[in-house]
$ cat entry_34.tsv   # TSV, C-alpha atoms and all ligand atoms
chain	number	residue	atom	x	y	z
A	19	MET	CA	-42.67	-104.17	-45.62
A	20	ASN	CA	-45.48	-101.62	-45.55
A	21	GLY	CA	-45.19	-98.20	-47.17
A	22	ALA	CA	-44.78	-96.14	-43.99
A	23	ALA	CA	-41.61	-97.78	-42.74
A	24	PRO	CA	-39.04	-96.29	-45.12
A	25	GLN	CA	-40.10	-92.72	-44.34
A	26	ARG	CA	-39.76	-93.30	-40.61
A	27	ALA	CA	-36.42	-95.02	-41.12
A	28	GLU	CA	-35.18	-92.08	-43.18
A	29	THR	CA	-36.14	-89.63	-40.42
A	30	GLN	CA	-34.39	-91.76	-37.81
A	31	MET	CA	-31.25	-91.95	-39.90
A	32	ALA	CA	-30.58	-88.19	-39.85
A	33	PRO	CA	-26.88	-88.08	-39.02
A	34	VAL	CA	-25.97	-87.03	-35.49
A	35	PRO	CA	-23.92	-83.82	-35.73
A	36	ARG	CA	-20.29	-84.08	-34.66
A	37	HIS	CA	-20.66	-81.97	-31.51
A	38	PHE	CA	-17.68	-80.99	-29.35
A	39	LEU	CA	-19.21	-80.66	-25.90
A	40	ASP	CA	-16.91	-82.34	-23.37
A	41	LEU	CA	-13.70	-84.37	-23.35
A	42	ARG	CA	-15.49	-87.27	-21.68
A	43	ASP	CA	-17.59	-87.74	-24.84
A	44	PHE	CA	-14.53	-88.89	-26.80
A	45	ASP	CA	-12.30	-91.90	-26.55
A	46	ALA	CA	-8.57	-91.49	-25.99
A	47	ALA	CA	-7.69	-92.18	-29.64
A	48	THR	CA	-10.01	-89.48	-30.97
A	49	LEU	CA	-8.62	-86.91	-28.55
A	50	ARG	CA	-5.08	-87.92	-29.46
A	51	ARG	CA	-5.93	-87.36	-33.13
A	52	MET	CA	-7.21	-83.88	-32.23
A	53	ILE	CA	-3.94	-83.04	-30.45
A	54	ASP	CA	-1.93	-84.41	-33.39
A	55	ALA	CA	-4.10	-82.38	-35.76
A	56	ALA	CA	-3.53	-79.26	-33.65
A	57	ALA	CA	0.23	-79.85	-33.76
A	58	GLY	CA	-0.08	-80.29	-37.54
A	59	PHE	CA	-1.96	-77.01	-37.89
A	60	LYS	CA	0.74	-75.32	-35.82
A	61	ARG	CA	3.44	-76.64	-38.15
A	62	ALA	CA	1.42	-75.77	-41.26
A	63	GLY	CA	0.81	-72.15	-40.30
A	64	ASN	CA	-1.14	-70.51	-43.09
A	65	ALA	CA	-0.45	-73.43	-45.45
A	66	ALA	CA	-3.22	-75.73	-44.14
A	67	GLY	CA	-5.45	-74.95	-47.12
A	68	ARG	CA	-9.06	-73.77	-47.10
A	69	PRO	CA	-11.10	-76.90	-46.38
A	70	LEU	CA	-13.88	-74.87	-44.73
A	71	ALA	CA	-14.49	-72.55	-47.68
A	72	GLY	CA	-18.22	-71.81	-47.88
A	73	ARG	CA	-18.84	-72.90	-44.25
A	74	ALA	CA	-19.93	-70.55	-41.48
A	75	LEU	CA	-19.56	-70.78	-37.70
A	76	ALA	CA	-21.94	-68.79	-35.47
A	77	MET	CA	-20.45	-67.87	-32.10
A	78	ILE	CA	-22.84	-66.96	-29.29
A	79	PHE	CA	-21.26	-65.29	-26.28
A	80	GLU	CA	-23.32	-64.92	-23.13
A	81	LYS	CA	-20.11	-64.13	-21.21
A	82	PRO	CA	-17.00	-62.12	-22.12
A	83	SER	CA	-14.07	-63.61	-24.01
A	84	THR	CA	-10.80	-62.57	-25.56
A	85	ARG	CA	-8.95	-65.80	-26.41
A	86	THR	CA	-11.89	-68.02	-27.33
A	87	ARG	CA	-13.48	-65.39	-29.48
A	88	VAL	CA	-10.38	-64.32	-31.36
A	89	SER	CA	-8.84	-67.78	-31.72
A	90	PHE	CA	-12.05	-69.32	-33.09
A	91	GLU	CA	-12.49	-66.43	-35.49
A	92	ARG	CA	-8.91	-66.71	-36.72
A	93	ALA	CA	-9.05	-70.51	-36.82
A	94	MET	CA	-12.22	-70.53	-38.93
A	95	ARG	CA	-10.89	-67.90	-41.33
A	96	ARG	CA	-7.49	-69.59	-41.64
A	97	LEU	CA	-9.34	-72.68	-42.84
A	98	GLY	CA	-11.31	-70.63	-45.35
A	99	GLY	CA	-14.60	-70.32	-43.45
A	100	ASP	CA	-16.68	-67.42	-42.17
A	101	THR	CA	-17.79	-66.48	-38.67
A	102	LEU	CA	-20.78	-64.68	-37.20
A	103	MET	CA	-20.30	-63.10	-33.80
A	104	LEU	CA	-23.53	-63.10	-31.80
A	105	SER	CA	-24.31	-61.84	-28.34
A	106	SER	CA	-27.37	-63.38	-26.73
A	107	GLN	CA	-28.32	-59.87	-25.53
A	108	GLU	CA	-28.69	-58.81	-29.15
A	109	MET	CA	-30.59	-61.95	-30.15
A	110	GLN	CA	-34.20	-62.87	-29.49
A	111	LEU	CA	-32.66	-65.54	-27.24
A	112	GLY	CA	-31.96	-62.69	-24.82
A	113	ARG	CA	-35.63	-61.82	-24.61
A	114	GLY	CA	-37.15	-65.23	-24.28
A	115	GLU	CA	-36.93	-67.11	-27.59
A	116	SER	CA	-36.30	-70.72	-26.66
A	117	VAL	CA	-32.90	-72.36	-26.97
A	118	ALA	CA	-34.52	-75.12	-29.03
A	119	ASP	CA	-35.98	-72.71	-31.59
A	120	THR	CA	-32.71	-70.79	-31.71
A	121	ALA	CA	-30.91	-74.07	-32.45
A	122	ARG	CA	-33.36	-75.00	-35.20
A	123	VAL	CA	-33.19	-71.58	-36.86
A	124	LEU	CA	-29.40	-71.16	-36.71
A	125	SER	CA	-29.04	-74.67	-38.14
A	126	ARG	CA	-30.74	-73.40	-41.31
A	127	TYR	CA	-28.21	-70.57	-41.72
A	128	VAL	CA	-24.84	-71.78	-40.49
A	129	ASP	CA	-22.79	-74.97	-40.46
A	130	ALA	CA	-21.75	-75.02	-36.78
A	131	ILE	CA	-22.54	-73.12	-33.57
A	132	MET	CA	-20.21	-72.28	-30.69
A	133	LEU	CA	-21.72	-71.23	-27.36
A	134	ARG	CA	-20.19	-69.67	-24.24
A	135	THR	CA	-22.67	-69.69	-21.38
A	136	ASP	CA	-22.84	-70.03	-17.60
A	137	ARG	CA	-25.54	-72.69	-17.92
A	138	ALA	CA	-24.23	-76.00	-19.21
A	139	ALA	CA	-27.85	-77.17	-19.53
A	140	LYS	CA	-28.30	-74.54	-22.24
A	141	LEU	CA	-25.35	-75.91	-24.22
A	142	HIS	CA	-26.81	-79.42	-24.06
A	143	GLU	CA	-30.25	-78.17	-25.04
A	144	LEU	CA	-28.74	-76.34	-28.01
A	145	ALA	CA	-26.93	-79.50	-29.07
A	146	ALA	CA	-30.07	-81.60	-28.67
A	147	HIS	CA	-32.02	-79.39	-31.07
A	148	ALA	CA	-29.34	-78.29	-33.56
A	149	SER	CA	-28.87	-80.22	-36.78
A	150	VAL	CA	-25.34	-78.83	-37.09
A	151	PRO	CA	-22.38	-79.39	-34.72
A	152	VAL	CA	-22.33	-77.46	-31.44
A	153	ILE	CA	-19.04	-76.51	-29.75
A	154	ASN	CA	-18.57	-75.79	-26.04
A	155	GLY	CA	-16.82	-72.43	-25.76
A	156	LEU	CA	-16.92	-72.64	-21.92
A	157	THR	CA	-19.70	-73.29	-19.45
A	158	GLU	CA	-19.69	-73.06	-15.66
A	159	ALA	CA	-19.00	-76.82	-15.71
A	160	SER	CA	-16.21	-77.26	-18.26
A	161	HIS	CA	-13.84	-75.73	-20.81
A	162	PRO	CA	-12.69	-78.54	-23.10
A	163	CYS	CA	-11.22	-76.33	-25.88
A	164	GLN	CA	-8.84	-74.86	-23.31
A	165	ILE	CA	-7.56	-78.21	-22.16
A	166	LEU	CA	-6.79	-79.35	-25.72
A	167	ALA	CA	-4.55	-76.28	-25.98
A	168	ASP	CA	-3.05	-77.07	-22.58
A	169	ILE	CA	-2.16	-80.64	-23.56
A	170	LEU	CA	-0.62	-79.33	-26.78
A	171	THR	CA	1.38	-76.81	-24.75
A	172	PHE	CA	2.62	-79.35	-22.21
A	173	GLU	CA	3.70	-81.78	-24.94
A	174	ALA	CA	5.44	-79.05	-26.95
A	175	HIS	CA	7.56	-78.20	-23.90
A	176	ARG	CA	7.94	-81.51	-22.08
A	177	GLY	CA	6.97	-84.36	-24.42
A	178	PRO	CA	4.16	-86.91	-24.06
A	179	ILE	CA	1.87	-86.14	-21.13
A	180	ALA	CA	0.93	-89.77	-20.41
A	181	GLY	CA	2.44	-90.85	-17.10
A	182	GLN	CA	3.43	-87.31	-16.11
A	183	ARG	CA	2.42	-85.62	-12.86
A	184	ILE	CA	0.33	-82.45	-13.20
A	185	ALA	CA	-0.68	-80.28	-10.22
A	186	TRP	CA	-3.76	-78.08	-10.04
A	187	CYS	CA	-3.91	-75.53	-7.19
A	188	GLY	CA	-6.88	-73.27	-6.50
A	189	ASP	CA	-10.58	-73.38	-7.25
A	190	GLY	CA	-12.14	-76.66	-8.35
A	191	ASN	CA	-13.82	-74.85	-11.24
A	192	ASN	CA	-14.84	-75.49	-14.87
A	193	VAL	CA	-11.25	-75.62	-16.12
A	194	ALA	CA	-10.33	-77.99	-13.28
A	195	CYS	CA	-13.20	-80.28	-14.30
A	196	SER	CA	-11.94	-80.50	-17.87
A	197	TRP	CA	-8.44	-81.27	-16.55
A	198	ILE	CA	-9.99	-84.16	-14.58
A	199	GLU	CA	-11.66	-85.48	-17.72
A	200	ALA	CA	-8.36	-85.11	-19.58
A	201	ALA	CA	-6.55	-87.16	-16.89
A	202	ALA	CA	-8.90	-90.03	-17.69
A	203	ARG	CA	-8.33	-89.81	-21.42
A	204	PHE	CA	-4.63	-88.86	-21.66
A	205	GLY	CA	-3.34	-91.03	-18.82
A	206	PHE	CA	-1.51	-88.51	-16.65
A	207	SER	CA	-1.55	-88.23	-12.88
A	208	LEU	CA	-3.47	-85.20	-11.59
A	209	ARG	CA	-2.86	-83.89	-8.08
A	210	MET	CA	-5.40	-81.25	-7.09
A	211	ALA	CA	-5.13	-78.91	-4.11
A	212	THR	CA	-8.29	-76.94	-3.36
A	213	PRO	CA	-10.08	-75.66	-0.26
A	214	GLU	CA	-12.55	-78.33	0.87
A	215	ALA	CA	-15.46	-76.02	0.11
A	216	LEU	CA	-14.26	-75.48	-3.47
A	217	ARG	CA	-13.53	-79.04	-4.56
A	218	PRO	CA	-14.60	-80.12	-8.03
A	219	PRO	CA	-18.04	-81.76	-8.16
A	220	ARG	CA	-18.12	-85.29	-6.78
A	221	ALA	CA	-19.82	-86.57	-9.96
A	222	VAL	CA	-16.87	-85.51	-12.12
A	223	LEU	CA	-14.37	-87.19	-9.81
A	224	ASP	CA	-16.47	-90.35	-9.59
A	225	TRP	CA	-16.73	-90.48	-13.38
A	226	ALA	CA	-12.98	-90.03	-13.82
A	227	ARG	CA	-12.06	-92.66	-11.25
A	228	ALA	CA	-14.54	-95.11	-12.76
A	229	GLU	CA	-12.70	-94.51	-16.06
A	230	GLY	CA	-9.41	-95.38	-14.35
A	231	ALA	CA	-8.06	-91.84	-13.94
A	232	ASP	CA	-5.30	-91.19	-11.41
A	233	VAL	CA	-6.74	-88.10	-9.69
A	234	ALA	CA	-5.95	-87.22	-6.07
A	235	LEU	CA	-7.44	-84.41	-3.98
A	236	THR	CA	-5.80	-82.65	-1.08
A	237	SER	CA	-6.09	-79.40	0.86
A	238	ASP	CA	-2.29	-79.15	1.03
A	239	ALA	CA	-0.89	-77.15	-1.90
A	240	LYS	CA	2.71	-78.27	-1.26
A	241	ALA	CA	1.70	-81.93	-1.32
A	242	ALA	CA	-0.07	-81.48	-4.67
A	243	VAL	CA	2.80	-79.61	-6.28
A	244	ALA	CA	5.62	-81.86	-4.99
A	245	GLY	CA	7.50	-83.31	-7.97
A	246	ALA	CA	4.98	-82.10	-10.58
A	247	ARG	CA	6.19	-81.40	-14.15
A	248	CYS	CA	3.46	-78.80	-14.59
A	249	VAL	CA	1.65	-76.56	-12.13
A	250	VAL	CA	-1.70	-75.12	-13.22
A	251	THR	CA	-4.05	-72.61	-11.70
A	252	ASP	CA	-6.92	-70.36	-12.76
A	253	THR	CA	-8.77	-67.32	-11.54
A	254	TRP	CA	-10.30	-67.53	-8.07
A	255	VAL	CA	-13.53	-65.93	-9.30
A	256	SER	CA	-14.96	-67.47	-12.45
A	257	MET	CA	-17.52	-65.72	-14.62
A	258	ALA	CA	-20.32	-67.82	-13.12
A	259	ASP	CA	-19.28	-67.02	-9.51
A	260	GLN	CA	-20.39	-64.33	-7.09
A	261	PRO	CA	-17.24	-62.22	-6.52
A	262	ASP	CA	-17.85	-61.62	-2.81
A	263	ASP	CA	-18.67	-65.08	-1.47
A	264	GLY	CA	-15.58	-65.27	0.76
A	265	ARG	CA	-13.60	-67.48	-1.58
A	266	GLN	CA	-10.51	-65.22	-1.72
A	267	HIS	CA	-9.84	-65.90	1.95
A	268	LEU	CA	-10.22	-69.66	1.47
A	269	LEU	CA	-8.01	-69.66	-1.61
A	270	ALA	CA	-5.10	-67.57	-0.28
A	271	PRO	CA	-3.01	-70.65	0.74
A	272	PHE	CA	-3.26	-71.97	-2.83
A	273	ARG	CA	-1.60	-69.00	-4.56
A	274	ILE	CA	1.23	-70.11	-6.84
A	275	THR	CA	4.21	-68.30	-5.37
A	276	PRO	CA	7.89	-68.84	-6.21
A	277	ALA	CA	8.21	-70.82	-2.95
A	278	LEU	CA	5.33	-73.12	-3.88
A	279	LEU	CA	6.57	-73.59	-7.45
A	280	ALA	CA	9.98	-74.52	-6.02
A	281	GLN	CA	8.36	-77.69	-4.61
A	282	ALA	CA	7.63	-78.90	-8.16
A	283	ALA	CA	10.11	-80.71	-10.42
A	284	PRO	CA	13.10	-78.47	-11.26
A	285	ASP	CA	11.99	-78.25	-14.89
A	286	ALA	CA	8.28	-77.74	-14.10
A	287	ILE	CA	6.29	-75.40	-16.30
A	288	PHE	CA	3.52	-73.08	-15.10
A	289	MET	CA	0.23	-72.84	-16.98
A	290	HIS	CA	-2.85	-70.62	-16.60
A	291	CYS	CA	-5.66	-70.37	-19.15
A	292	LEU	CA	-5.87	-66.58	-18.63
A	293	PRO	CA	-7.17	-64.03	-17.83
A	294	ALA	CA	-4.87	-63.90	-14.78
A	295	HIS	CA	-4.95	-61.85	-11.61
A	296	ARG	CA	-1.39	-61.23	-10.46
A	297	GLY	CA	-1.16	-61.24	-6.68
A	298	GLU	CA	-4.28	-63.40	-6.32
A	299	GLU	CA	-4.05	-66.93	-7.76
A	300	VAL	CA	-0.45	-66.41	-8.94
A	301	SER	CA	2.46	-64.16	-8.03
A	302	ALA	CA	3.73	-61.88	-10.76
A	303	GLU	CA	7.20	-63.46	-10.36
A	304	VAL	CA	5.75	-66.82	-11.38
A	305	ILE	CA	3.48	-65.88	-14.27
A	306	ASP	CA	6.08	-63.48	-15.67
A	307	GLY	CA	8.98	-65.77	-14.80
A	308	PRO	CA	11.05	-68.29	-16.78
A	309	GLN	CA	8.88	-71.32	-15.99
A	310	SER	CA	5.68	-69.70	-17.27
A	311	VAL	CA	4.38	-70.80	-20.68
A	312	VAL	CA	1.06	-68.96	-20.48
A	313	PHE	CA	1.41	-67.07	-23.75
A	314	ASP	CA	2.37	-70.21	-25.66
A	315	GLU	CA	-0.74	-71.70	-24.08
A	316	ALA	CA	-2.84	-68.79	-25.32
A	317	GLU	CA	-1.33	-69.09	-28.81
A	318	ASN	CA	-2.06	-72.81	-28.85
A	319	ARG	CA	-5.77	-72.06	-28.53
A	320	LEU	CA	-5.60	-71.12	-32.22
A	321	TYR	CA	-4.30	-74.54	-33.30
A	322	ALA	CA	-6.58	-76.39	-30.87
A	323	GLN	CA	-9.54	-74.50	-32.30
A	324	GLN	CA	-8.47	-75.46	-35.83
A	325	ALA	CA	-8.38	-79.09	-34.67
A	326	VAL	CA	-11.85	-78.81	-33.10
A	327	LEU	CA	-13.20	-77.30	-36.32
A	328	ALA	CA	-11.50	-80.04	-38.37
A	329	TYR	CA	-13.21	-82.59	-36.13
A	330	VAL	CA	-16.72	-81.11	-36.22
A	331	PHE	CA	-16.56	-80.54	-39.98
A	332	ASP	CA	-14.97	-83.96	-40.51
A	333	VAL	CA	-12.12	-82.53	-42.54
A	334	ASP	CA	-9.93	-85.07	-44.27
A	335	ARG	CA	-6.85	-85.33	-42.06
A	336	SER	CA	-4.59	-85.86	-45.05
A	337	ILE	CA	-4.71	-82.10	-45.63
A	338	ILE	CA	-3.25	-81.34	-42.21
B	1	LIG	N1	-8.93	-68.88	-21.58
B	1	LIG	C1	-10.04	-68.34	-22.16
B	1	LIG	O1	-10.99	-69.06	-22.50
B	1	LIG	O2	-9.99	-67.02	-22.31
B	1	LIG	P1	-11.19	-66.06	-22.78
B	1	LIG	O3	-12.18	-65.99	-21.63
B	1	LIG	O4	-10.55	-64.75	-23.07
B	1	LIG	O5	-11.86	-66.66	-23.99
B	2	LIG	N1	-12.65	-70.31	-14.83
B	2	LIG	C1	-12.67	-69.13	-15.66
B	2	LIG	C2	-12.07	-69.43	-17.00
B	2	LIG	C3	-12.00	-68.25	-17.93
B	2	LIG	C4	-11.44	-68.60	-19.26
B	2	LIG	C5	-14.08	-68.61	-15.79
B	2	LIG	O1	-15.00	-69.42	-15.98
B	2	LIG	O2	-14.28	-67.40	-15.70

$ encode --input "entry_34.tsv" --output "structure tokens"
Amino acid sequence: MNGAAPQRAETQMAPVPRHFLDLRDFDAATLRRMIDAAAGFKRAGNAAGRPLAGRALAMIFEKPSTRTRVSFERAMRRLGGDTLMLSSQEMQLGRGESVADTARVLSRYVDAIMLRTDRAAKLHELAAHASVPVINGLTEASHPCQILADILTFEAHRGPIAGQRIAWCGDGNNVACSWIEAAARFGFSLRMATPEALRPPRAVLDWARAEGADVALTSDAKAAVAGARCVVTDTWVSMADQPDDGRQHLLAPFRITPALLAQAAPDAIFMHCLPAHRGEEVSAEVIDGPQSVVFDEAENRLYAQQAVLAYVFDVDRSII
């Protein structure tokens, strides 16, 4: 062996950070461990110990947030770590510093970075250049942290999600895309009703079907909801959307009303990642009614976030 080889080998062997970017990046067993860990954190409450003492998470928000921001902050602190709240408008990132340089610099200061952005490409660029784990806190294309909390919520109320029928009604948006990825990994049947113009991207559906997912699309809300154990919707205007592009008119037949929910299984639950718009995507009677579990769902973001942090920091699961 010549003298140069070991140095090159050492450079190449820099460990790949344990990013959390999309559900599709993980196998079913790893995602199941995250859900089990989240359930463990929920049971443990404040008794989960402080495995992240001395670690810091930087959170960059390019878009507003209530749940993601507060649940990550609480999750990190519950596990003994610190957080830094950053807005890209207050960073040099907001006036032209590159994503790559931002990733390299933050990696020298903190132990993980969470990003909320309306450009998924930015998240992937950050991950490509960071030497610490990067977490997807929502992009225009996906919201994987939310769906971990949603699976936890379904299973807490109705038992294992594998083999169950879940209905999505409304916009084929970022949250819908992560539900599609979850269908492939958790083995449930997903029935999606959307206007034709607002279907989820073909590439996501093709990926899921190639992975063996049972995902069906329709423009008929009643057909999607029929017999479902869980009915899910989300805002009609996402943060990355133009509010006045005519979508409200297209989406009106997909509103979750008491009459539509009555088509689902008698014990169906209603979920919504929030924030909600009563009278638009869901009637007040539904979201404030007995089948709604939306505030359990919001609470479960805290435990899901703890599980995501435990994954990216490779915390010994025996403490959970
Ligand atoms: N569901 C969710 O991500 O909410 P926030 O936008 O408040 O973070
Ligand atoms: N689809 C919504 C989710 C908000 C948590 C949005 O992107 O605005």

$ closest_atom_pairs --input "entry_34.tsv" --of "region 220-259 of chain A" --to "region 31-42 of chain A" --cutoff "10 Å" --atoms "all atoms listed in the file" --output "Markdown table"
| residue | atom | partner | partner_atom | distance |
| --- | --- | --- | --- | --- |
| A:Val222 | CA | A:Arg42 | CA | 9.8 |
| A:Trp225 | CA | A:Arg42 | CA | 9.0 |
| A:Ala226 | CA | A:Arg42 | CA | 8.7 |
| A:Glu229 | CA | A:Arg42 | CA | 9.6 |

$ residues_near_point --input "entry_34.tsv" --point "(3.5, -68.5, -18.2)" --cutoff "9 Å" --atoms "all atoms listed in the file" --output "PyMOL selection string"
chain A and resi 287-290+304-315

$ atom_distance --input "entry_34.tsv" --atom1 "atom O3 of ligand LIG 1 (chain B)" --atom2 "CA of Asn192 (chain A)"
12.0 Å

$ closest_atom_pairs --input "entry_34.tsv" --of "chain A" --to "ligand LIG 1 (chain B)" --cutoff "8 Å" --atoms "all atoms listed in the file" --output "CSV"
residue,atom,partner,partner_atom,distance
A:Pro82,CA,B:LIG1,O3,6.2
A:Ser83,CA,B:LIG1,O5,3.8
A:Thr84,CA,B:LIG1,O4,3.3
A:Arg85,CA,B:LIG1,O4,3.8
A:Thr86,CA,B:LIG1,O5,3.6
A:Arg87,CA,B:LIG1,O5,5.9
A:Val88,CA,B:LIG1,O5,7.9
A:Gly155,CA,B:LIG1,O1,7.5
A:Leu156,CA,B:LIG1,O1,7.0
A:His161,CA,B:LIG1,O1,7.4
A:Gln164,CA,B:LIG1,N1,6.2
A:Cys291,CA,B:LIG1,N1,4.3
A:Leu292,CA,B:LIG1,N1,4.8
A:Pro293,CA,B:LIG1,O2,6.1
A:Ala316,CA,B:LIG1,N1,7.1

$ write_last_selection --input "entry_34.tsv" --atoms "C-alpha atoms" --output "short mmCIF file (atom, residue, chain, number, x, y, z; two decimals), keeping the file's coordinate frame"
data_model
loop_
_atom_site.label_atom_id
_atom_site.label_comp_id
_atom_site.auth_asym_id
_atom_site.auth_seq_id
_atom_site.Cartn_x
_atom_site.Cartn_y
_atom_site.Cartn_z
CA PRO A 82 -17.00 -62.12 -22.12
CA SER A 83 -14.07 -63.61 -24.01
CA THR A 84 -10.80 -62.57 -25.56
CA ARG A 85 -8.95 -65.80 -26.41
CA THR A 86 -11.89 -68.02 -27.33
CA ARG A 87 -13.48 -65.39 -29.48
CA VAL A 88 -10.38 -64.32 -31.36
CA GLY A 155 -16.82 -72.43 -25.76
CA LEU A 156 -16.92 -72.64 -21.92
CA HIS A 161 -13.84 -75.73 -20.81
CA GLN A 164 -8.84 -74.86 -23.31
CA CYS A 291 -5.66 -70.37 -19.15
CA LEU A 292 -5.87 -66.58 -18.63
CA PRO A 293 -7.17 -64.03 -17.83
CA ALA A 316 -2.84 -68.79 -25.32
#

$ residues_near_ligand --input "entry_34.tsv" --ligand "ligand LIG 2 (chain B)" --cutoff "12 Å" --atoms "all atoms listed in the file" --output "JSON, numbers by chain"
{"A": [80, 81, 82, 83, 84, 85, 86, 87, 134, 135, 136, 137, 138, 155, 156, 157, 158, 159, 160, 161, 162, 163, 164, 165, 188, 189, 190, 191, 192, 193, 194, 195, 196, 197, 251, 252, 253, 254, 255, 256, 257, 258, 259, 260, 261, 290, 291, 292, 293, 294, 295, 299, 316, 319]}

$ closest_residue --input "entry_34.tsv" --among "A:Ala228, A:Ile131, A:Ala167, A:Ile184" --to "Leu320 (chain A)" --atoms "all atoms listed in the file"
A:Ala167

$ atom_distance --input "entry_34.tsv" --atom1 "CA of Tyr329 (chain A)" --atom2 "CA of Leu208 (chain A)"
26.5 Å

$ residues_near_point --input "entry_34.tsv" --point "(5.9, -84.6, -12.3)" --cutoff "10 Å" --atoms "all atoms listed in the file" --output "list in words"
Ile179, Gly181, Gln182, Arg183, Ile184, Ala185, Phe206, Ser207, Leu208, Arg209, Val243, Ala244, Gly245, Ala246, Arg247, Cys248, Val249, Ala282, Ala283, Pro284, Asp285 and Ala286 of chain A

$ residues_around --input "entry_34.tsv" --residues "region 115-128 of chain A" --least-positions-apart "2" --cutoff "8 Å" --atoms "all atoms listed in the file" --output "list of chain:residue names"
A:Arg73, A:Ala74, A:Leu75, A:Ala76, A:Gln110, A:Leu111, A:Gly112, A:Arg113, A:Ala130, A:Ile131, A:Lys140, A:Glu143, A:Leu144, A:Ala145, A:Ala146, A:His147, A:Ala148, A:Ser149, A:Val150

$ atom_distance --input "entry_34.tsv" --atom1 "CA of Glu214 (chain A)" --atom2 "CA of Pro271 (chain A)"
12.2 Å

$ closest_residue --input "entry_34.tsv" --among "A:Ala234, A:Val152, A:Ala211, A:Leu70" --to "Ile274 (chain A)" --atoms "only C-alpha atoms"
A:Ala211

$ closest_residue --input "entry_34.tsv" --among "A:Arg265, A:Lys240, A:Arg92, A:Arg61" --to "Leu278 (chain A)" --atoms "all atoms listed in the file"
A:Lys240

$ closest_residue --input "entry_34.tsv" --among "A:Glu303, A:Leu104, A:Glu91, A:Leu170" --to "Ala55 (chain A)" --atoms "only C-alpha atoms"
A:Leu170

$ closest_residue --input "entry_34.tsv" --among "A:Gly230, A:Pro151, A:Gly72, A:Pro178" --to "Val326 (chain A)" --atoms "all atoms listed in the file"
A:Pro151

$ closest_residue --input "entry_34.tsv" --among "A:Arg51, A:Ile78, A:Arg96, A:Ala200" --to "Asn64 (chain A)" --atoms "all atoms listed in the file"
A:Arg96
